[in-house]
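Undergrad: So I've got this file, structure.pdb, and it contains PDB, C-alpha atoms:
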ATOM      1  CA  MET A   4     -39.020 -23.776  45.464
ATOM      2  CA  LYS A   5     -39.235 -20.440  47.308
ATOM      3  CA  LYS A   6     -36.059 -19.293  45.544
ATOM      4  CA  LEU A   7     -37.526 -20.185  42.136
ATOM      5  CA  ILE A   8     -40.753 -18.311  42.823
ATOM      6  CA  PHE A   9     -38.772 -15.340  44.154
ATOM      7  CA  GLY A  10     -36.688 -15.360  40.966
ATOM      8  CA  ILE A  11     -39.808 -15.208  38.804
ATOM      9  CA  ALA A  12     -41.272 -12.414  40.903
ATOM     10  CA  THR A  13     -38.040 -10.414  40.633
ATOM     11  CA  LEU A  14     -37.874 -10.812  36.861
ATOM     12  CA  ALA A  15     -41.557  -9.982  36.469
ATOM     13  CA  THR A  16     -41.172  -6.801  38.545
ATOM     14  CA  THR A  17     -38.127  -5.704  36.563
ATOM     15  CA  PHE A  18     -39.922  -6.491  33.299
ATOM     16  CA  ALA A  19     -42.910  -4.371  34.323
ATOM     17  CA  PHE A  20     -40.578  -1.459  35.119
ATOM     18  CA  ALA A  21     -38.813  -1.854  31.775
ATOM     19  CA  GLN A  22     -42.137  -1.694  29.970
ATOM     20  CA  THR A  23     -42.900   1.689  31.535
ATOM     21  CA  SER A  24     -39.397   3.110  30.908
ATOM     22  CA  PRO A  25     -38.469   4.787  27.629
ATOM     23  CA  SER A  26     -36.457   2.606  25.303
ATOM     24  CA  THR A  27     -32.993   3.772  24.303
ATOM     25  CA  GLY A  28     -32.860   1.539  21.241
ATOM     26  CA  SER A  29     -33.766   2.828  17.821
ATOM     27  CA  SER A  30     -35.988  -0.146  17.013
ATOM     28  CA  ALA A  31     -37.148  -3.443  18.492
ATOM     29  CA  SER A  32     -35.215  -6.609  17.675
ATOM     30  CA  PRO A  33     -37.022  -9.078  15.425
ATOM     31  CA  VAL A  34     -38.717 -12.219  16.673
ATOM     32  CA  ARG A  35     -36.479 -15.236  16.117
ATOM     33  CA  PHE A  36     -37.400 -18.903  15.929
ATOM     34  CA  GLY A  37     -35.236 -21.872  16.767
ATOM     35  CA  LEU A  38     -34.680 -25.506  17.633
ATOM     36  CA  LYS A  39     -33.321 -26.966  20.847
ATOM     37  CA  ALA A  40     -32.430 -30.409  22.193
ATOM     38  CA  GLY A  41     -30.596 -31.818  25.159
ATOM     39  CA  MET A  42     -30.326 -34.211  28.073
ATOM     40  CA  ASN A  43     -32.665 -34.521  31.048
ATOM     41  CA  VAL A  44     -31.629 -35.667  34.524
ATOM     42  CA  ALA A  45     -35.085 -36.351  35.930
ATOM     43  CA  SER A  46     -36.347 -37.581  39.274
ATOM     44  CA  LEU A  47     -39.494 -37.746  41.360
ATOM     45  CA  SER A  48     -39.572 -35.836  44.638
ATOM     46  CA  LYS A  49     -38.270 -37.999  47.460
ATOM     47  CA  ASP A  50     -41.318 -38.501  49.623
ATOM     48  CA  ALA A  51     -42.231 -41.446  51.825
ATOM     49  CA  GLY A  52     -41.837 -44.755  49.995
ATOM     50  CA  LEU A  53     -39.312 -43.434  47.461
ATOM     51  CA  GLU A  54     -36.144 -43.920  49.508
ATOM     52  CA  ASP A  55     -34.493 -45.987  46.746
ATOM     53  CA  GLN A  56     -35.270 -43.528  43.968
ATOM     54  CA  LYS A  57     -32.454 -42.496  41.619
ATOM     55  CA  SER A  58     -32.219 -39.996  38.782
ATOM     56  CA  LYS A  59     -33.179 -41.119  35.295
ATOM     57  CA  ILE A  60     -31.479 -39.930  32.112
ATOM     58  CA  GLY A  61     -33.748 -38.842  29.278
ATOM     59  CA  PHE A  62     -33.868 -36.192  26.583
ATOM     60  CA  ASN A  63     -35.835 -33.186  25.449
ATOM     61  CA  ALA A  64     -36.276 -31.683  21.990
ATOM     62  CA  GLY A  65     -38.478 -29.062  20.424
ATOM     63  CA  VAL A  66     -38.964 -25.584  19.020
ATOM     64  CA  PHE A  67     -39.060 -22.071  20.449
ATOM     65  CA  ALA A  68     -39.723 -18.447  19.571
ATOM     66  CA  ASN A  69     -37.700 -15.642  21.150
ATOM     67  CA  ILE A  70     -39.824 -12.476  21.352
ATOM     68  CA  PRO A  71     -38.098  -9.234  22.431
ATOM     69  CA  VAL A  72     -40.450  -7.042  24.471
ATOM     70  CA  ALA A  73     -38.082  -4.399  25.872
ATOM     71  CA  GLU A  74     -34.413  -3.569  25.875
ATOM     72  CA  SER A  75     -32.555  -6.620  27.285
ATOM     73  CA  PHE A  76     -35.844  -8.472  27.936
ATOM     74  CA  SER A  77     -37.618 -11.160  25.937
ATOM     75  CA  ILE A  78     -40.253 -13.863  26.312
ATOM     76  CA  GLN A  79     -39.443 -17.340  25.022
ATOM     77  CA  PRO A  80     -42.331 -19.805  24.652
ATOM     78  CA  GLU A  81     -41.305 -23.353  23.760
ATOM     79  CA  VAL A  82     -42.912 -26.652  22.804
ATOM     80  CA  LEU A  83     -40.837 -29.664  23.886
ATOM     81  CA  TYR A  84     -41.030 -33.431  23.908
ATOM     82  CA  ASN A  85     -39.852 -34.089  27.468
ATOM     83  CA  GLN A  86     -38.840 -37.414  29.070
ATOM     84  CA  LEU A  87     -39.327 -37.329  32.847
ATOM     85  CA  GLY A  88     -39.627 -39.942  35.596
ATOM     86  CA  SER A  89     -37.147 -41.728  37.850
ATOM     87  CA  LYS A  90     -35.156 -44.912  38.378
ATOM     88  CA  VAL A  91     -35.713 -47.347  41.245
ATOM     89  CA  GLU A  92     -33.610 -50.244  42.526
ATOM     90  CA  ASN A  93     -34.774 -52.511  45.338
ATOM     91  CA  SER A  94     -34.275 -55.986  46.754
ATOM     92  CA  TYR A  95     -36.408 -58.159  49.034
ATOM     93  CA  THR A  96     -36.597 -61.757  50.248
ATOM     94  CA  VAL A  97     -39.818 -63.669  50.888
ATOM     95  CA  LEU A  98     -39.845 -67.357  51.992
ATOM     96  CA  GLY A  99     -36.248 -67.838  50.878
ATOM     97  CA  VAL A 100     -36.798 -66.308  47.451
ATOM     98  CA  THR A 101     -34.719 -63.176  46.785
ATOM     99  CA  THR A 102     -35.956 -60.710  44.200
ATOM    100  CA  ARG A 103     -33.844 -57.859  42.863
ATOM    101  CA  GLU A 104     -35.519 -55.294  40.689
ATOM    102  CA  SER A 105     -34.198 -52.354  38.701
ATOM    103  CA  TYR A 106     -36.691 -50.341  36.707
ATOM    104  CA  SER A 107     -37.354 -46.863  35.397
ATOM    105  CA  THR A 108     -40.636 -45.013  35.520
ATOM    106  CA  ASN A 109     -40.923 -43.263  32.158
ATOM    107  CA  LEU A 110     -43.287 -40.292  32.119
ATOM    108  CA  ASP A 111     -43.298 -38.561  28.745
ATOM    109  CA  TYR A 112     -44.823 -35.106  28.299
ATOM    110  CA  ILE A 113     -45.404 -32.433  25.736
ATOM    111  CA  SER A 114     -44.115 -29.470  27.739
ATOM    112  CA  VAL A 115     -44.799 -25.792  27.116
ATOM    113  CA  PRO A 116     -42.345 -23.594  29.049
ATOM    114  CA  VAL A 117     -42.832 -19.820  28.921
ATOM    115  CA  MET A 118     -39.554 -18.239  29.983
ATOM    116  CA  PHE A 119     -38.957 -14.575  30.826
ATOM    117  CA  GLN A 120     -35.361 -13.815  29.841
ATOM    118  CA  TYR A 121     -33.014 -11.004  30.807
ATOM    119  CA  ASN A 122     -29.780 -10.431  28.862
ATOM    120  CA  PHE A 123     -26.913  -9.154  31.006
ATOM    121  CA  VAL A 124     -24.912  -8.934  27.773
ATOM    122  CA  PRO A 125     -26.164  -9.724  24.251
ATOM    123  CA  ASN A 126     -24.918 -13.336  24.386
ATOM    124  CA  PHE A 127     -25.717 -14.289  28.006
ATOM    125  CA  TYR A 128     -29.142 -14.475  29.640
ATOM    126  CA  VAL A 129     -30.891 -15.706  32.756
ATOM    127  CA  GLU A 130     -34.493 -16.881  32.729
ATOM    128  CA  ALA A 131     -37.403 -17.880  34.905
ATOM    129  CA  GLY A 132     -40.989 -18.863  34.230
ATOM    130  CA  PRO A 133     -43.706 -21.508  34.357
ATOM    131  CA  GLU A 134     -43.786 -24.811  32.505
ATOM    132  CA  PHE A 135     -47.026 -26.567  31.556
ATOM    133  CA  GLY A 136     -46.880 -30.276  30.737
ATOM    134  CA  PHE A 137     -49.336 -32.712  29.174
ATOM    135  CA  MET A 138     -48.624 -36.417  29.696
ATOM    136  CA  ILE A 139     -48.636 -38.564  26.563
ATOM    137  CA  SER A 140     -47.119 -41.812  27.859
ATOM    138  CA  ALA A 141     -46.492 -43.566  31.198
ATOM    139  CA  LYS A 142     -44.585 -46.859  31.475
ATOM    140  CA  ASN A 143     -42.445 -48.897  33.836
ATOM    141  CA  LYS A 144     -39.540 -50.654  32.140
ATOM    142  CA  GLY A 145     -36.953 -52.815  33.862
ATOM    143  CA  ASP A 146     -35.432 -56.145  34.872
ATOM    144  CA  ARG A 147     -36.490 -58.510  37.675
ATOM    145  CA  THR A 148     -33.995 -61.146  38.925
ATOM    146  CA  THR A 149     -35.215 -63.968  41.178
ATOM    147  CA  THR A 150     -32.882 -66.282  43.111
ATOM    148  CA  SER A 151     -34.153 -69.447  44.825
ATOM    149  CA  GLY A 152     -32.184 -72.532  45.851
ATOM    150  CA  GLY A 153     -29.145 -71.474  43.860
ATOM    151  CA  ASN A 154     -31.147 -70.964  40.672
ATOM    152  CA  THR A 155     -31.410 -67.482  39.180
ATOM    153  CA  THR A 156     -33.842 -66.256  36.551
ATOM    154  CA  MET A 157     -34.142 -62.800  35.024
ATOM    155  CA  VAL A 158     -37.145 -61.305  33.300
ATOM    156  CA  SER A 159     -37.260 -58.018  31.369
ATOM    157  CA  TYR A 160     -40.599 -56.260  31.206
ATOM    158  CA  THR A 161     -42.419 -53.163  30.066
ATOM    159  CA  ASP A 162     -45.707 -52.300  31.756
ATOM    160  CA  ASP A 163     -48.092 -49.513  30.837
ATOM    161  CA  ILE A 164     -49.122 -47.402  33.820
ATOM    162  CA  ASN A 165     -52.840 -46.736  34.044
ATOM    163  CA  LYS A 166     -53.075 -43.013  33.297
ATOM    164  CA  ASP A 167     -56.504 -42.930  34.953
ATOM    165  CA  ASN A 168     -54.567 -42.972  38.231
ATOM    166  CA  LEU A 169     -52.224 -40.147  37.181
ATOM    167  CA  ASN A 170     -52.566 -36.420  36.881
ATOM    168  CA  THR A 171     -51.918 -35.945  33.176
ATOM    169  CA  PHE A 172     -51.356 -32.190  33.622
ATOM    170  CA  ASN A 173     -48.027 -31.133  35.104
ATOM    171  CA  PHE A 174     -47.083 -27.654  36.293
ATOM    172  CA  GLY A 175     -43.539 -26.656  37.167
ATOM    173  CA  VAL A 176     -41.406 -23.583  37.823
ATOM    174  CA  GLY A 177     -38.158 -23.174  35.887
ATOM    175  CA  LEU A 178     -34.972 -21.216  36.467
ATOM    176  CA  GLY A 179     -32.072 -21.262  34.025
ATOM    177  CA  ALA A 180     -29.430 -19.547  31.937
ATOM    178  CA  GLY A 181     -27.930 -19.683  28.475
ATOM    179  CA  TYR A 182     -24.976 -18.481  26.439
ATOM    180  CA  TYR A 183     -24.750 -18.024  22.645
ATOM    181  CA  PHE A 184     -21.293 -18.574  21.177
ATOM    182  CA  THR A 185     -22.451 -17.116  17.876
ATOM    183  CA  ASP A 186     -25.572 -15.300  16.725
ATOM    184  CA  ASN A 187     -27.145 -18.711  16.055
ATOM    185  CA  ILE A 188     -25.677 -21.418  18.335
ATOM    186  CA  GLY A 189     -25.854 -21.526  22.113
ATOM    187  CA  VAL A 190     -25.856 -23.746  25.204
ATOM    188  CA  THR A 191     -28.701 -23.824  27.718
ATOM    189  CA  ALA A 192     -29.242 -25.070  31.285
ATOM    190  CA  ARG A 193     -32.486 -25.121  33.252
ATOM    191  CA  TYR A 194     -33.892 -26.643  36.436
ATOM    192  CA  VAL A 195     -37.641 -27.233  36.629
ATOM    193  CA  ALA A 196     -39.218 -28.005  40.004
ATOM    194  CA  GLY A 197     -42.620 -29.675  39.844
ATOM    195  CA  VAL A 198     -45.569 -28.153  41.696
ATOM    196  CA  THR A 199     -48.399 -30.568  40.880
ATOM    197  CA  ASP A 200     -48.715 -34.098  42.252
ATOM    198  CA  VAL A 201     -48.091 -36.862  39.693
ATOM    199  CA  ALA A 202     -50.870 -38.968  41.229
ATOM    200  CA  LYS A 203     -54.556 -38.203  40.881
ATOM    201  CA  ASP A 204     -56.971 -38.308  43.829
ATOM    202  CA  ARG A 205     -54.246 -38.977  46.407
ATOM    203  CA  PRO A 206     -55.644 -39.943  49.852
ATOM    204  CA  SER A 207     -55.695 -37.105  52.351
ATOM    205  CA  GLY A 208     -52.532 -36.917  54.457
ATOM    206  CA  SER A 209     -50.335 -38.950  52.087
ATOM    207  CA  ASP A 210     -47.174 -37.538  50.534
ATOM    208  CA  ALA A 211     -47.264 -35.909  47.112
ATOM    209  CA  ILE A 212     -44.888 -37.028  44.351
ATOM    210  CA  ARG A 213     -43.616 -34.345  41.977
ATOM    211  CA  ASN A 214     -41.482 -34.208  38.851
ATOM    212  CA  ASN A 215     -38.072 -32.541  39.067
ATOM    213  CA  ASN A 216     -35.788 -32.090  36.095
ATOM    214  CA  PHE A 217     -32.391 -30.626  35.242
ATOM    215  CA  GLN A 218     -31.812 -29.933  31.533
ATOM    216  CA  VAL A 219     -28.691 -29.117  29.546
ATOM    217  CA  GLY A 220     -28.582 -28.783  25.792
ATOM    218  CA  LEU A 221     -27.965 -26.870  22.604
ATOM    219  CA  ALA A 222     -30.095 -24.218  20.931
ATOM    220  CA  PHE A 223     -30.055 -22.999  17.338
ATOM    221  CA  LYS A 224     -31.697 -19.729  16.259
ATOM    222  CA  PHE A 225     -32.636 -19.152  12.643
TER     223      PHE A 225
END
Can I see the file as structure tokens?
TA:
Amino acid sequence: MKKLIFGIATLATTFAFAQTSPSTGSSASPVRFGLKAGMNVASLSKDAGLEDQKSKIGFNAGVFANIPVAESFSIQPEVLYNQLGSKVENSYTVLGVTTRESYSTNLDYISVPVMFQYNFVPNFYVEAGPEFGFMISAKNKGDRTTTSGGNTTMVSYTDDINKDNLNTFNFGVGLGAGYYFTDNIGVTARYVAGVTDVAKDRPSGSDAIRNNNFQVGLAFKF
């Protein structure tokens, strides 16, 4: 987390310097809009009680605007549909009955990243910035297998999570990079570390649970 915050501070300082330096270009580049989509590898921070947590595969998709503000610098706000959460597998035996459970916690957000980008060369950039998320759905979905006396039963289920117990606002810090093969088509990668606790009104002294997400995908500029 300290490295991510340091990266943002470094980019912000460099950006401020660029704003006060004379531009060598003849004119500013135009604002460009685009679409992006990709895969998420999401997890919840491994605090007490989450020892069996695993990463969950999801996806993200949305729109962006790339706004040049100085030579080699731009700001890219985005609006994404973002699937976060985690996967859990556990097993326990009570009074001779063994229960095995595998389920995913699906936390879906509308995310608004605001990335500060620096182009080392015209086609390659690094980025850092905040991401603001607004939860739109929270569910547990999985399978529960029960074995007793040689008999096994399996039940699939989907349960809504009471959002009154969750913090529906999510704040994270992102650090990433991207490369455009052409003027229009590129690949992107970004890691977003959550700052806010997923739970609301957590008891004092208990461990916070935070979203973490690694994204890879494709971007298309118009």
Undergrad: Determine the residue set returned by the PyMOL selection byres ((chain A and resi 35) around 7) for the present structure, and present it as a PyMOL selection string.
TA: chain A and resi 33-34+36-37+68-70+224-225
Undergrad: Between A:Lys90, A:Asn154, A:Ala222, A:Asp163, which is the closest to Thr185 of chain A once you count only C-alpha atoms?
TA: A:Ala222
Undergrad: Which value, in Å to one decimal, gives the distance between atom CA of Ala64 of chain A and atom CA of Glu81 of chain A?
TA: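 That distance, rounded to one decimal, is 9.9 Å.
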Undergrad: Compare A:Val82, A:Ile139, A:Ala40, A:Val66 by their minimum atom-to-atom distance to Thr171 of chain A, counting all atoms listed in the file, and give me the closest one.
TA: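 Closest to Thr171 of chain A of all the choices is A:Ile139.
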Undergrad: Just give me the gap between atom CA of Ala192 of chain A and atom CA of Val219 of chain A in Å, one decimal is fine.
TA: 4.4 Å
Undergrad: Check what the PyMOL selection byres ((chain A and resi 145) around 7) selects in the file above and give those residues as a PyMOL selection string.
TA: chain A and resi 105-107+143-144+146-147+159-161
Undergrad: For Thr156 of chain A, list every protein, DNA or RNA residue within 12 Å, evaluated using all atoms listed in the file, and leave out those in the same chain fewer than 6 positions away; present the list as a list in words.
TA: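 My reading of the contact set: Val100, Thr101, Thr102, Arg103, Glu104, Asp146, Arg147, Thr148, Thr149 and Thr150 of chain A.
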Undergrad: Using C-alpha atoms, can you export the residues from the last selection as a PDB file, in the frame of the given file?
TA:
ATOM      1  CA  VAL A 100     -36.798 -66.308  47.451  1.00  0.00           C
ATOM      2  CA  THR A 101     -34.719 -63.176  46.785  1.00  0.00           C
ATOM      3  CA  THR A 102     -35.956 -60.710  44.200  1.00  0.00           C
ATOM      4  CA  ARG A 103     -33.844 -57.859  42.863  1.00  0.00           C
ATOM      5  CA  GLU A 104     -35.519 -55.294  40.689  1.00  0.00           C
ATOM      6  CA  ASP A 146     -35.432 -56.145  34.872  1.00  0.00           C
ATOM      7  CA  ARG A 147     -36.490 -58.510  37.675  1.00  0.00           C
ATOM      8  CA  THR A 148     -33.995 -61.146  38.925  1.00  0.00           C
ATOM      9  CA  THR A 149     -35.215 -63.968  41.178  1.00  0.00           C
ATOM     10  CA  THR A 150     -32.882 -66.282  43.111  1.00  0.00           C
TER      11      THR A 150
END
Undergrad: Between A:Asn63, A:Ser58, A:Asn216, A:Gln120, single out the one closest to Pro80 of chain A, counting all atoms listed in the file.
TA: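 Ranked by minimum distance to Pro80 of chain A, first place goes to A:Gln120.
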Undergrad: Using only C-alpha atoms, pick whichever of A:Glu92, A:Asp162, A:Asp167, A:Glu74 has the shortest atom-to-atom distance to Asp204 of chain A.
TA: A:Asp167
Undergrad: Could you check which residues have any atom within 9 Å of (-53.3, -46.7, 29.9), counting only C-alpha atoms with coordinates taken straight from the file, and then list them as a list in words?
TA: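 Applying the cut-off with only C-alpha atoms, one gets Ser140, Ala141, Lys142, Asp163, Ile164, Asn165, Lys166 and Asp167 of chain A.
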Undergrad: I need the residues from that last selection saved to file as a PDB file, keeping the file's coordinate frame (with C-alpha atoms), if you can.
TA:
ATOM      1  CA  SER A 140     -47.119 -41.812  27.859  1.00  0.00           C
ATOM      2  CA  ALA A 141     -46.492 -43.566  31.198  1.00  0.00           C
ATOM      3  CA  LYS A 142     -44.585 -46.859  31.475  1.00  0.00           C
ATOM      4  CA  ASP A 163     -48.092 -49.513  30.837  1.00  0.00           C
ATOM      5  CA  ILE A 164     -49.122 -47.402  33.820  1.00  0.00           C
ATOM      6  CA  ASN A 165     -52.840 -46.736  34.044  1.00  0.00           C
ATOM      7  CA  LYS A 166     -53.075 -43.013  33.297  1.00  0.00           C
ATOM      8  CA  ASP A 167     -56.504 -42.930  34.953  1.00  0.00           C
TER       9      ASP A 167
END
Undergrad: Report as a list of chain:residue names all protein, DNA and RNA residues lying within 10 Å of segment 122-126 of chain A, evaluated on all atoms listed in the file, omitting residues in the same chain fewer than 3 positions from it.
TA: A:Glu74, A:Ser75, A:Phe76, A:Ser77, A:Val129, A:Glu130, A:Ala180, A:Gly181, A:Tyr182, A:Tyr183, A:Phe184, A:Thr185, A:Asp186, A:Gly189
Undergrad: On this structure, which residues satisfy the PyMOL selection byres ((chain A and resi 137) around 6), written as a tab-separated table (two decimals) with C-alpha atoms, in the coordinates of the input?
TA:
chain	number	residue	atom	x	y	z
A	112	TYR	CA	-44.82	-35.11	28.30
A	113	ILE	CA	-45.40	-32.43	25.74
A	136	GLY	CA	-46.88	-30.28	30.74
A	138	MET	CA	-48.62	-36.42	29.70
A	171	THR	CA	-51.92	-35.94	33.18
A	172	PHE	CA	-51.36	-32.19	33.62
Undergrad: Find the distance between atom CA of Arg205 of chain A and atom CA of Asn168 of chain A and write it in Å to one decimal.
TA: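 Interatomic distance here is 9.1 Å.
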Undergrad: Segment 104-108 of chain A, all listed atoms, 5 Å padding on each side: what axis-aligned box centre and edge lengths in Å to one decimal come out, as lines of an AutoDock Vina configuration file?
TA:
center_x = -37.4
center_y = -50.2
center_z = 38.0
size_x = 16.4
size_y = 20.3
size_z = 15.3
Undergrad: Could you check which of A:Phe127, A:Tyr121, A:Tyr84, A:Phe217 is closest to Val44 of chain A, using all atoms listed in the file?
TA: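 So, comparing all the options, the nearest one is A:Phe217.
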